[in-house]
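Source file: target-v7.cif. Holds: mmCIF, C-alpha atoms, pLDDT in the B column; chains and numbers go by the auth columns.
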data_protein
#
loop_
_atom_site.group_PDB
_atom_site.id
_atom_site.type_symbol
_atom_site.label_atom_id
_atom_site.label_comp_id
_atom_site.label_asym_id
_atom_site.label_seq_id
_atom_site.Cartn_x
_atom_site.Cartn_y
_atom_site.Cartn_z
_atom_site.B_iso_or_equiv
_atom_site.auth_seq_id
_atom_site.auth_asym_id
ATOM 1 C CA GLN A 1 6.899 -29.107 -15.622 86.00 23 A
ATOM 2 C CA VAL A 2 3.720 -27.080 -15.982 91.00 24 A
ATOM 3 C CA GLN A 3 2.604 -23.687 -14.787 94.00 25 A
ATOM 4 C CA LEU A 4 -0.454 -21.492 -14.566 96.00 26 A
ATOM 5 C CA VAL A 5 -0.448 -17.723 -15.086 95.00 27 A
ATOM 6 C CA GLU A 6 -3.455 -15.560 -14.223 96.00 28 A
ATOM 7 C CA SER A 7 -4.359 -12.135 -15.543 95.00 29 A
ATOM 8 C CA GLY A 8 -7.258 -9.717 -15.389 95.00 30 A
ATOM 9 C CA GLY A 9 -7.491 -8.732 -11.746 94.00 31 A
ATOM 10 C CA GLY A 10 -7.883 -5.160 -10.606 97.00 32 A
ATOM 11 C CA LEU A 11 -9.990 -2.624 -8.784 98.00 33 A
ATOM 12 C CA VAL A 12 -13.695 -2.305 -9.517 98.00 34 A
ATOM 13 C CA GLN A 13 -16.687 -0.681 -7.865 98.00 35 A
ATOM 14 C CA ALA A 14 -19.426 -2.765 -6.320 98.00 36 A
ATOM 15 C CA GLY A 15 -21.832 -3.939 -8.992 98.00 37 A
ATOM 16 C CA GLY A 16 -19.127 -3.958 -11.619 98.00 38 A
ATOM 17 C CA SER A 17 -17.570 -6.803 -13.588 98.00 39 A
ATOM 18 C CA LEU A 18 -14.161 -8.316 -14.154 98.00 40 A
ATOM 19 C CA ARG A 19 -12.917 -11.189 -16.255 98.00 41 A
ATOM 20 C CA LEU A 20 -10.004 -13.315 -15.130 98.00 42 A
ATOM 21 C CA SER A 21 -7.967 -15.443 -17.489 98.00 43 A
ATOM 22 C CA CYS A 22 -5.541 -18.256 -16.776 97.00 44 A
ATOM 23 C CA ALA A 23 -3.118 -19.860 -19.195 96.00 45 A
ATOM 24 C CA ALA A 24 -1.587 -23.278 -18.625 95.00 46 A
ATOM 25 C CA SER A 25 1.765 -24.005 -20.222 91.00 47 A
ATOM 26 C CA GLY A 26 4.542 -26.567 -20.174 89.00 48 A
ATOM 27 C CA HIS A 27 4.607 -30.282 -20.871 85.00 49 A
ATOM 28 C CA ILE A 28 0.867 -30.812 -20.682 86.00 50 A
ATOM 29 C CA PHE A 29 -0.401 -34.332 -21.195 84.00 51 A
ATOM 30 C CA ASP A 30 -3.902 -33.794 -19.937 87.00 52 A
ATOM 31 C CA ILE A 31 -5.842 -31.288 -17.858 91.00 53 A
ATOM 32 C CA LYS A 32 -8.692 -32.739 -15.881 92.00 54 A
ATOM 33 C CA THR A 33 -10.400 -30.293 -13.528 95.00 55 A
ATOM 34 C CA MET A 34 -9.738 -26.554 -13.829 96.00 56 A
ATOM 35 C CA GLY A 35 -11.105 -23.825 -11.657 97.00 57 A
ATOM 36 C CA TRP A 36 -10.599 -20.919 -9.323 98.00 58 A
ATOM 37 C CA PHE A 37 -9.935 -20.500 -5.621 98.00 59 A
ATOM 38 C CA ARG A 38 -9.753 -17.276 -3.676 98.00 60 A
ATOM 39 C CA GLN A 39 -8.279 -16.115 -0.395 98.00 61 A
ATOM 40 C CA ALA A 40 -9.394 -12.996 1.424 96.00 62 A
ATOM 41 C CA PRO A 41 -7.216 -11.335 4.078 91.00 63 A
ATOM 42 C CA GLY A 42 -7.277 -13.318 7.303 94.00 64 A
ATOM 43 C CA LYS A 43 -9.318 -16.128 5.784 96.00 65 A
ATOM 44 C CA GLN A 44 -8.593 -19.582 4.428 97.00 66 A
ATOM 45 C CA ARG A 45 -8.398 -20.242 0.724 96.00 67 A
ATOM 46 C CA GLU A 46 -11.814 -21.276 -0.561 97.00 68 A
ATOM 47 C CA LEU A 47 -13.051 -22.949 -3.704 97.00 69 A
ATOM 48 C CA VAL A 48 -14.955 -20.621 -6.023 98.00 70 A
ATOM 49 C CA THR A 49 -15.693 -22.820 -9.014 98.00 71 A
ATOM 50 C CA THR A 50 -14.562 -25.858 -10.969 98.00 72 A
ATOM 51 C CA ILE A 51 -15.036 -26.977 -14.554 97.00 73 A
ATOM 52 C CA LEU A 52 -14.387 -30.427 -15.980 95.00 74 A
ATOM 53 C CA GLY A 53 -13.128 -31.211 -19.445 91.00 75 A
ATOM 54 C CA ASP A 54 -16.668 -31.899 -20.629 92.00 76 A
ATOM 55 C CA GLY A 55 -17.771 -28.449 -19.466 94.00 77 A
ATOM 56 C CA SER A 56 -19.555 -29.541 -16.287 97.00 78 A
ATOM 57 C CA THR A 57 -19.353 -26.808 -13.669 98.00 79 A
ATOM 58 C CA ASP A 58 -19.797 -26.332 -9.954 98.00 80 A
ATOM 59 C CA TYR A 59 -19.935 -23.100 -7.956 98.00 81 A
ATOM 60 C CA ALA A 60 -19.716 -21.956 -4.374 98.00 82 A
ATOM 61 C CA GLU A 61 -23.119 -20.790 -3.145 98.00 83 A
ATOM 62 C CA SER A 62 -21.786 -17.287 -2.586 97.00 84 A
ATOM 63 C CA VAL A 63 -21.069 -16.759 -6.304 98.00 85 A
ATOM 64 C CA LYS A 64 -23.870 -18.704 -7.987 98.00 86 A
ATOM 65 C CA GLY A 65 -25.708 -16.586 -10.525 97.00 87 A
ATOM 66 C CA ARG A 66 -22.956 -13.960 -10.592 98.00 88 A
ATOM 67 C CA PHE A 67 -19.800 -15.787 -11.692 98.00 89 A
ATOM 68 C CA THR A 68 -19.359 -17.923 -14.800 98.00 90 A
ATOM 69 C CA VAL A 69 -16.429 -20.228 -15.451 98.00 91 A
ATOM 70 C CA SER A 70 -15.425 -21.407 -18.916 97.00 92 A
ATOM 71 C CA ARG A 71 -12.474 -23.124 -20.518 96.00 93 A
ATOM 72 C CA ASP A 72 -10.857 -23.479 -23.902 95.00 94 A
ATOM 73 C CA ASN A 73 -9.343 -26.949 -24.046 93.00 95 A
ATOM 74 C CA ALA A 74 -7.534 -26.258 -27.316 93.00 96 A
ATOM 75 C CA LYS A 75 -5.729 -23.281 -25.772 94.00 97 A
ATOM 76 C CA ASN A 76 -5.385 -24.727 -22.251 94.00 98 A
ATOM 77 C CA MET A 77 -7.143 -21.672 -20.861 96.00 99 A
ATOM 78 C CA VAL A 78 -9.722 -21.150 -18.138 97.00 100 A
ATOM 79 C CA TYR A 79 -11.712 -17.981 -17.565 98.00 101 A
ATOM 80 C CA LEU A 80 -13.814 -16.497 -14.793 98.00 102 A
ATOM 81 C CA GLN A 81 -16.419 -13.889 -15.645 98.00 103 A
ATOM 82 C CA MET A 82 -17.431 -12.072 -12.472 98.00 104 A
ATOM 83 C CA ASN A 83 -20.532 -9.888 -12.537 98.00 105 A
ATOM 84 C CA SER A 84 -22.400 -7.984 -9.838 98.00 106 A
ATOM 85 C CA LEU A 85 -19.259 -7.897 -7.752 98.00 107 A
ATOM 86 C CA LYS A 86 -19.535 -7.254 -4.031 98.00 108 A
ATOM 87 C CA PRO A 87 -16.961 -5.955 -1.539 97.00 109 A
ATOM 88 C CA GLU A 88 -16.885 -9.426 0.022 96.00 110 A
ATOM 89 C CA ASP A 89 -15.544 -10.778 -3.268 98.00 111 A
ATOM 90 C CA THR A 90 -12.296 -8.934 -2.571 98.00 112 A
ATOM 91 C CA ALA A 91 -9.513 -11.526 -2.480 98.00 113 A
ATOM 92 C CA VAL A 92 -6.531 -12.933 -4.263 98.00 114 A
ATOM 93 C CA TYR A 93 -7.868 -15.257 -6.924 98.00 115 A
ATOM 94 C CA TYR A 94 -5.877 -18.365 -7.804 98.00 116 A
ATOM 95 C CA CYS A 95 -6.244 -20.427 -10.933 97.00 117 A
ATOM 96 C CA TYR A 96 -6.237 -24.186 -10.369 95.00 118 A
ATOM 97 C CA ALA A 97 -5.694 -27.168 -12.638 96.00 119 A
ATOM 98 C CA ASP A 98 -5.329 -30.890 -12.105 94.00 120 A
ATOM 99 C CA PHE A 99 -2.739 -31.942 -14.636 91.00 121 A
ATOM 100 C CA GLY A 100 -3.071 -35.654 -13.934 86.00 122 A
ATOM 101 C CA HIS A 101 0.566 -36.665 -14.503 83.00 123 A
ATOM 102 C CA TRP A 102 1.879 -33.511 -12.764 86.00 124 A
ATOM 103 C CA GLY A 103 -0.849 -33.379 -10.158 89.00 125 A
ATOM 104 C CA PRO A 104 -2.737 -30.266 -8.971 92.00 126 A
ATOM 105 C CA LYS A 105 -1.166 -26.859 -9.498 94.00 127 A
ATOM 106 C CA TRP A 106 -2.071 -23.281 -8.601 95.00 128 A
ATOM 107 C CA GLY A 107 -1.119 -20.020 -10.229 96.00 129 A
ATOM 108 C CA GLN A 108 0.591 -17.147 -8.447 96.00 130 A
ATOM 109 C CA GLY A 109 -2.687 -15.324 -7.853 96.00 131 A
ATOM 110 C CA THR A 110 -4.230 -12.078 -9.028 97.00 132 A
ATOM 111 C CA GLN A 111 -5.728 -9.434 -6.761 97.00 133 A
ATOM 112 C CA VAL A 112 -9.383 -8.498 -7.113 98.00 134 A
ATOM 113 C CA THR A 113 -10.538 -5.519 -5.070 98.00 135 A
ATOM 114 C CA VAL A 114 -14.176 -4.422 -4.992 98.00 136 A
ATOM 115 C CA SER A 115 -14.850 -1.018 -3.482 97.00 137 A
ATOM 116 C CA SER A 116 -18.162 -0.114 -1.872 94.00 138 A
#
What's the structure tokens form of this structure?
Amino acid sequence: QVQLVESGGGLVQAGGSLRLSCAASGHIFDIKTMGWFRQAPGKQRELVTTILGDGSTDYAESVKGRFTVSRDNAKNMVYLQMNSLKPEDTAVYYCYADFGHWGPKWGQGTQVTVSS
């Protein structure tokens, strides 16, 4: 089995920054796509960003230019640097990884709250 554990959420004022981290552990054979989703109260979970093993990235339009995803393949980690945060970024952020053999998995989520 494999699991993902996020850390780094919290409360920040609008315009501030936060950095989320996610560690993958378990019997890992390969990790293909990694990334982050988020879910705001009363809304569906939405894709924020993805990063492939070669470092190729993709972002939701709403976060382009403000968020940066990165990964450390040697440590099985993925990170999300969030700058210029807005109140509408408030959500539970979920780490995501496609483990190939084990399929796609999500972490338990970490709360990010941006006050105006």
Practice prompt. For stretch 49-54 of chain A, list every protein, DNA or RNA residue within 7 Å, evaluated using all atoms listed in the file, and leave out those in the same chain fewer than 2 positions away; present the list as number ranges by chain.
Written response: A: 23-24, 47, 56, 74-75, 119-122
Discussion item. Residues within 7 Å of A:Ser92, please, as JSON, numbers by chain. Count only C-alpha atoms; anything in the same chain fewer than 2 positions from it doesn't count.
Written reply: {"A": [90, 100, 101, 102]}
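Take atom CA of A:Ser39 and atom CA of A:Asn105: the distance between them is 4.4 Å.
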Worksheet item: Counting only C-alpha atoms, what is within 7 Å of A:Lys108, bar same-chain residues fewer than 3 positions away, as a PyMOL selection string?
Response: chain A and resi 36-37+111+136
Selected residues written out with C-alpha atoms, as a PDB file, in the frame of the given file:
ATOM      1  CA  ALA A  36     -19.426  -2.765  -6.320  1.00 98.00           C
ATOM      2  CA  GLY A  37     -21.832  -3.939  -8.992  1.00 98.00           C
ATOM      3  CA  ASP A 111     -15.544 -10.778  -3.268  1.00 98.00           C
ATOM      4  CA  VAL A 136     -14.176  -4.422  -4.992  1.00 98.00           C
TER       5      VAL A 136
END
Fill in: Nearby residues, (-20.3, -20.6, -11.6) file frame, 12 Å, all atoms listed in the file, as a list in words
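It turns out the residues near that spot are Gly57, Trp58, Phe59, Leu69, Val70, Thr71, Thr72, Ile73, Gly77, Ser78, Thr79, Asp80, Tyr81, Ala82, Glu83, Ser84, Val85, Lys86, Gly87, Arg88, Phe89, Thr90, Val91, Ser92, Tyr101, Leu102, Gln103, Met104 and Asn105 of chain A.
Distances from A:Gly38, A:Gly48, A:Gly125, A:Gly30 to A:Ser106 were compared using only C-alpha atoms, and the smallest one belongs to A:Gly38.
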Worksheet entry | Coordinates-based distance that separates atom CA of A:Gly131 from atom CA of A:Leu107 (Å, one decimal) | 18.2 Å
Worksheet entry | Selection result for the PyMOL selection byres ((chain A and resi 26-28) around 10) on this file, as a VMD selection string | chain A and resid 24 to 25 29 to 31 42 to 48 98 to 101 115 to 119 127 to 133
As a tab-separated table (two decimals) with C-alpha atoms, keeping the file's coordinate frame, please: the residues near A:Ala113 (cut-off 8 Å, all atoms listed in the file, same-chain neighbours under 6 positions excluded).
chain	number	residue	atom	x	y	z
A	60	ARG	CA	-9.75	-17.28	-3.68
A	61	GLN	CA	-8.28	-16.11	-0.40
A	62	ALA	CA	-9.39	-13.00	1.42
A	63	PRO	CA	-7.22	-11.34	4.08
A	133	GLN	CA	-5.73	-9.43	-6.76
A	134	VAL	CA	-9.38	-8.50	-7.11
A	135	THR	CA	-10.54	-5.52	-5.07
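Coordinates place atom CA of A:Lys97 at a distance of 14.9 Å from atom CA of A:Thr55.
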Once 6 Å is added on each side, what centre and edge lengths in Å to one decimal does the axis-aligned box around all listed atoms of stretch 86-101 of chain A have, as lines of an AutoDock Vina configuration file?
center_x = -15.5
center_y = -20.5
center_z = -17.7
size_x = 32.3
size_y = 25.0
size_z = 31.3
Item to complete: Could you tell me which of A:Lys65, A:Asp76, A:Pro126, A:Gly32 comes closest to A:Asn95 if we count only C-alpha atoms?
Response: A:Asp76
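Candidate residues A:Glu110, A:Asp94, A:Arg41, A:Arg67 were compared for distance to A:Ser138, and the nearest is A:Glu110, using all atoms listed in the file.
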